[in-house]
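Note sheet for the following structure.
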Amino acid sequence: MIALLAAVLGGAGGLWLVQWVARVRWERVHVRRLRYGLPQLDGLHHEDFEFAVRDLMRRDGCADAVQVGGAGDNGADVTATDPLGRRWVIQCKHRQDGALGSAVGTPDLHVLNGTGRQLHGGDVVVLVTNGRFTAGCEPLAKSQKLHLVDRGTLGEWAAGSRPLWELLQQLPPSPGRRSALS
């Protein structure tokens, strides 16, 4: 009786393991082929937009990317570590009307600037929108070493052209190396 029970449990465990391995393989294939069009991103709920950004980071090699947004998120919706070891803190601002919606302004950048490095330990601090930014955002972002991903850059990234770190300029080096941008 014990031998029969052990055989049944062993078989069930083996079957579960085979199914788990197949699911993990499928998820890896799915994530690598992930592509979004801007109309698809525009149609998402703001929380689903955060998950889409997380999935794009995973697609590009950030295995630890997580969606952390919600009440009390302290200005971070997605955190991730890129293949070079840089910690990314991303705030997402979804506009249901895309480029026609209200522009993201400097108050959102001020919140992100105050929390991205200090509370979340970010090496690269980014604000992503499917819309546009006000005129004051670019100079503020540049002066505070923040990165803006507007609709055009998001479209290029989401289409799978290159990882986000190849689309942005003046990123800090990997944590093991220091420069003036660190």
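Residue numbers start at 1 in each chain; chains themselves are named A, B, ... in the order of the structure tokens; ligands are numbered from 1 in the order shown.
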
Kindly provide the residues of range 9-122 of chain A that approach range 141-150 of chain A to within 12 Å, each paired with its closest atom pair and their distance in Å to one decimal, based on only C-alpha atoms, listed by chain and increasing number, as CSV.
residue,atom,partner,partner_atom,distance
A:Leu38,CA,A:Asp150,CA,11.3
A:Val53,CA,A:Val149,CA,11.3
A:Trp88,CA,A:His147,CA,10.6
A:Val89,CA,A:Leu146,CA,10.2
A:Ile90,CA,A:His147,CA,9.3
A:Gln91,CA,A:Leu148,CA,9.9
A:Cys92,CA,A:Val149,CA,9.5
A:Lys93,CA,A:Asp150,CA,9.9
A:His94,CA,A:Asp150,CA,10.7
A:Arg95,CA,A:Asp150,CA,11.3
A:Gly98,CA,A:Asp150,CA,10.3
A:Ala99,CA,A:Asp150,CA,9.3
A:Ala103,CA,A:Asp150,CA,10.2
A:Val104,CA,A:Asp150,CA,9.6
A:Gly105,CA,A:Ala141,CA,11.0
A:Thr106,CA,A:Ala141,CA,8.8
A:Pro107,CA,A:Ala141,CA,11.5
A:Asp108,CA,A:Ala141,CA,10.8
A:Leu109,CA,A:Ala141,CA,7.3
A:His110,CA,A:Ala141,CA,9.2
A:Val111,CA,A:Leu146,CA,11.5
A:Leu112,CA,A:Leu146,CA,8.6
A:Asn113,CA,A:Gln144,CA,7.2
A:Gly114,CA,A:Gln144,CA,10.1
A:Thr115,CA,A:Leu146,CA,11.7
A:Gly116,CA,A:Leu146,CA,9.2
A:Arg117,CA,A:Leu146,CA,10.2
A:Gly122,CA,A:Leu146,CA,10.4

Since we have the selection now, will you write its residues out, keeping N, CA, C and O atoms, as an mmCIF file, in the first residue's frame?
data_model
loop_
_atom_site.group_PDB
_atom_site.id
_atom_site.type_symbol
_atom_site.label_atom_id
_atom_site.label_comp_id
_atom_site.auth_asym_id
_atom_site.auth_seq_id
_atom_site.Cartn_x
_atom_site.Cartn_y
_atom_site.Cartn_z
ATOM 1 N N LEU A 38 0.871 51.543 -30.242
ATOM 2 C CA LEU A 38 0.372 52.651 -29.425
ATOM 3 C C LEU A 38 -1.143 52.605 -29.226
ATOM 4 O O LEU A 38 -1.610 52.851 -28.110
ATOM 5 N N VAL A 53 4.382 47.999 -19.093
ATOM 6 C CA VAL A 53 5.744 48.525 -18.960
ATOM 7 C C VAL A 53 6.623 47.500 -18.249
ATOM 8 O O VAL A 53 7.761 47.243 -18.658
ATOM 9 N N TRP A 88 16.332 50.365 -12.041
ATOM 10 C CA TRP A 88 15.412 51.257 -12.725
ATOM 11 C C TRP A 88 14.192 51.498 -11.843
ATOM 12 O O TRP A 88 13.618 50.553 -11.291
ATOM 13 N N VAL A 89 13.797 52.757 -11.737
ATOM 14 C CA VAL A 89 12.560 53.143 -11.065
ATOM 15 C C VAL A 89 11.745 53.901 -12.104
ATOM 16 O O VAL A 89 12.202 54.917 -12.644
ATOM 17 N N ILE A 90 10.550 53.390 -12.384
ATOM 18 C CA ILE A 90 9.736 53.945 -13.461
ATOM 19 C C ILE A 90 8.379 54.373 -12.922
ATOM 20 O O ILE A 90 7.692 53.591 -12.267
ATOM 21 N N GLN A 91 8.022 55.606 -13.214
ATOM 22 C CA GLN A 91 6.684 56.117 -12.932
ATOM 23 C C GLN A 91 5.938 56.128 -14.257
ATOM 24 O O GLN A 91 6.463 56.612 -15.265
ATOM 25 N N CYS A 92 4.731 55.578 -14.286
ATOM 26 C CA CYS A 92 3.922 55.517 -15.500
ATOM 27 C C CYS A 92 2.770 56.507 -15.416
ATOM 28 O O CYS A 92 2.091 56.574 -14.392
ATOM 29 N N LYS A 93 2.572 57.247 -16.487
ATOM 30 C CA LYS A 93 1.436 58.167 -16.594
ATOM 31 C C LYS A 93 0.675 57.834 -17.871
ATOM 32 O O LYS A 93 1.093 58.188 -18.972
ATOM 33 N N HIS A 94 -0.417 57.123 -17.701
ATOM 34 C CA HIS A 94 -1.237 56.709 -18.836
ATOM 35 C C HIS A 94 -2.285 57.769 -19.135
ATOM 36 O O HIS A 94 -2.932 58.290 -18.229
ATOM 37 N N ARG A 95 -2.416 58.083 -20.394
ATOM 38 C CA ARG A 95 -3.442 59.008 -20.849
ATOM 39 C C ARG A 95 -4.383 58.251 -21.775
ATOM 40 O O ARG A 95 -3.955 57.747 -22.820
ATOM 41 N N GLY A 98 -4.274 59.289 -25.209
ATOM 42 C CA GLY A 98 -2.935 59.323 -25.797
ATOM 43 C C GLY A 98 -2.406 60.734 -25.921
ATOM 44 O O GLY A 98 -2.450 61.517 -24.975
ATOM 45 N N ALA A 99 -1.934 61.090 -27.110
ATOM 46 C CA ALA A 99 -1.343 62.411 -27.341
ATOM 47 C C ALA A 99 -2.361 63.534 -27.204
ATOM 48 O O ALA A 99 -1.995 64.683 -26.975
ATOM 49 N N ALA A 103 -1.328 66.820 -20.855
ATOM 50 C CA ALA A 103 0.125 66.611 -20.815
ATOM 51 C C ALA A 103 0.576 66.325 -19.390
ATOM 52 O O ALA A 103 0.004 66.825 -18.428
ATOM 53 N N VAL A 104 1.604 65.522 -19.266
ATOM 54 C CA VAL A 104 2.226 65.258 -17.972
ATOM 55 C C VAL A 104 3.080 66.476 -17.639
ATOM 56 O O VAL A 104 3.858 66.940 -18.477
ATOM 57 N N GLY A 105 2.943 66.978 -16.414
ATOM 58 C CA GLY A 105 3.639 68.199 -16.033
ATOM 59 C C GLY A 105 4.745 67.994 -15.017
ATOM 60 O O GLY A 105 4.997 66.885 -14.538
ATOM 61 N N THR A 106 5.382 69.100 -14.658
ATOM 62 C CA THR A 106 6.509 69.060 -13.736
ATOM 63 C C THR A 106 6.152 68.569 -12.328
ATOM 64 O O THR A 106 7.031 67.997 -11.669
ATOM 65 N N PRO A 107 4.921 68.736 -11.822
ATOM 66 C CA PRO A 107 4.642 68.186 -10.484
ATOM 67 C C PRO A 107 4.902 66.682 -10.390
ATOM 68 O O PRO A 107 5.415 66.201 -9.373
ATOM 69 N N ASP A 108 4.595 65.958 -11.465
ATOM 70 C CA ASP A 108 4.872 64.517 -11.462
ATOM 71 C C ASP A 108 6.372 64.246 -11.426
ATOM 72 O O ASP A 108 6.837 63.305 -10.779
ATOM 73 N N LEU A 109 7.139 65.070 -12.116
ATOM 74 C CA LEU A 109 8.603 64.925 -12.087
ATOM 75 C C LEU A 109 9.169 65.253 -10.709
ATOM 76 O O LEU A 109 10.111 64.598 -10.255
ATOM 77 N N HIS A 110 8.604 66.252 -10.047
ATOM 78 C CA HIS A 110 9.072 66.598 -8.704
ATOM 79 C C HIS A 110 8.878 65.428 -7.738
ATOM 80 O O HIS A 110 9.778 65.127 -6.934
ATOM 81 N N VAL A 111 7.722 64.773 -7.815
ATOM 82 C CA VAL A 111 7.469 63.612 -6.944
ATOM 83 C C VAL A 111 8.485 62.516 -7.244
ATOM 84 O O VAL A 111 9.119 61.964 -6.336
ATOM 85 N N LEU A 112 8.648 62.202 -8.521
ATOM 86 C CA LEU A 112 9.580 61.143 -8.911
ATOM 87 C C LEU A 112 11.010 61.486 -8.505
ATOM 88 O O LEU A 112 11.749 60.632 -8.001
ATOM 89 N N ASN A 113 11.396 62.737 -8.687
ATOM 90 C CA ASN A 113 12.747 63.160 -8.322
ATOM 91 C C ASN A 113 12.989 63.026 -6.818
ATOM 92 O O ASN A 113 14.083 62.693 -6.382
ATOM 93 N N GLY A 114 11.949 63.254 -6.038
ATOM 94 C CA GLY A 114 12.101 63.179 -4.588
ATOM 95 C C GLY A 114 12.112 61.771 -4.031
ATOM 96 O O GLY A 114 12.532 61.557 -2.885
ATOM 97 N N THR A 115 11.666 60.802 -4.821
ATOM 98 C CA THR A 115 11.566 59.433 -4.290
ATOM 99 C C THR A 115 12.363 58.399 -5.077
ATOM 100 O O THR A 115 12.748 57.377 -4.515
ATOM 101 N N GLY A 116 12.590 58.648 -6.346
ATOM 102 C CA GLY A 116 13.195 57.630 -7.220
ATOM 103 C C GLY A 116 14.525 57.094 -6.741
ATOM 104 O O GLY A 116 14.752 55.880 -6.724
ATOM 105 N N ARG A 117 15.401 57.965 -6.323
ATOM 106 C CA ARG A 117 16.715 57.532 -5.839
ATOM 107 C C ARG A 117 16.700 57.295 -4.328
ATOM 108 O O ARG A 117 17.204 56.295 -3.845
ATOM 109 N N GLY A 122 16.981 54.020 -7.046
ATOM 110 C CA GLY A 122 17.142 53.993 -8.488
ATOM 111 C C GLY A 122 18.464 54.550 -8.983
ATOM 112 O O GLY A 122 18.922 55.582 -8.506
#

Worksheet item: Among range 61-143 of chain A, which ones does DSSP place in strand (DSSP E or B), written as a list in words?
Response: Val66, Gln67, Val78, Thr79, Ala80, Thr81, Arg87, Trp88, Val89, Ile90, Gln91, Cys92, Lys93, Val104, Val124, Val125, Val126, Leu127, Val128, Thr129 and Phe133 of chain A

Practice prompt. Return as a PyMOL selection string the full set of residues in range 21-181 of chain A whose backbone-based DSSP assignment is alpha helix (DSSP H).
Written response: chain A and resi 21-32+38-42+46-59+106-115+137-144+151-158+164-167

Practice prompt. Write out as a VMD selection string which residues come within 9 Å of range 63-73 of chain A when counting only C-alpha atoms, dropping same-chain ones fewer than 5 positions away.
Written response: chain A and resid 47 50 to 51 53 to 55 57 to 58 78 to 83 88 91 to 92

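If you look at CA of Gly160 in chain A and CA of Ala52 in chain A, they are 12.8 Å away from each other.
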
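As for CA of Asp97 in chain A and CA of Leu167 in chain A, they are spaced 24.2 Å apart.
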
Discussion item. One number please: CA of Asp77 in chain A to CA of Leu127 in chain A, in Å, one decimal.
Written reply: 9.6 Å

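Of the residues under consideration (A:Leu171, A:Val125, A:Leu41, A:Cys62), A:Leu41 shows the shortest atom-to-atom contact distance to Gly155 in chain A when counting only C-alpha atoms.
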
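Residue neighbourhood of Leu154 in chain A, excluding near-sequence residues (fewer than 5 positions): Leu38, Val128, Thr129, Asn130, Val149, Ala159 and Leu164 of chain A, at 9 Å, using only C-alpha atoms.
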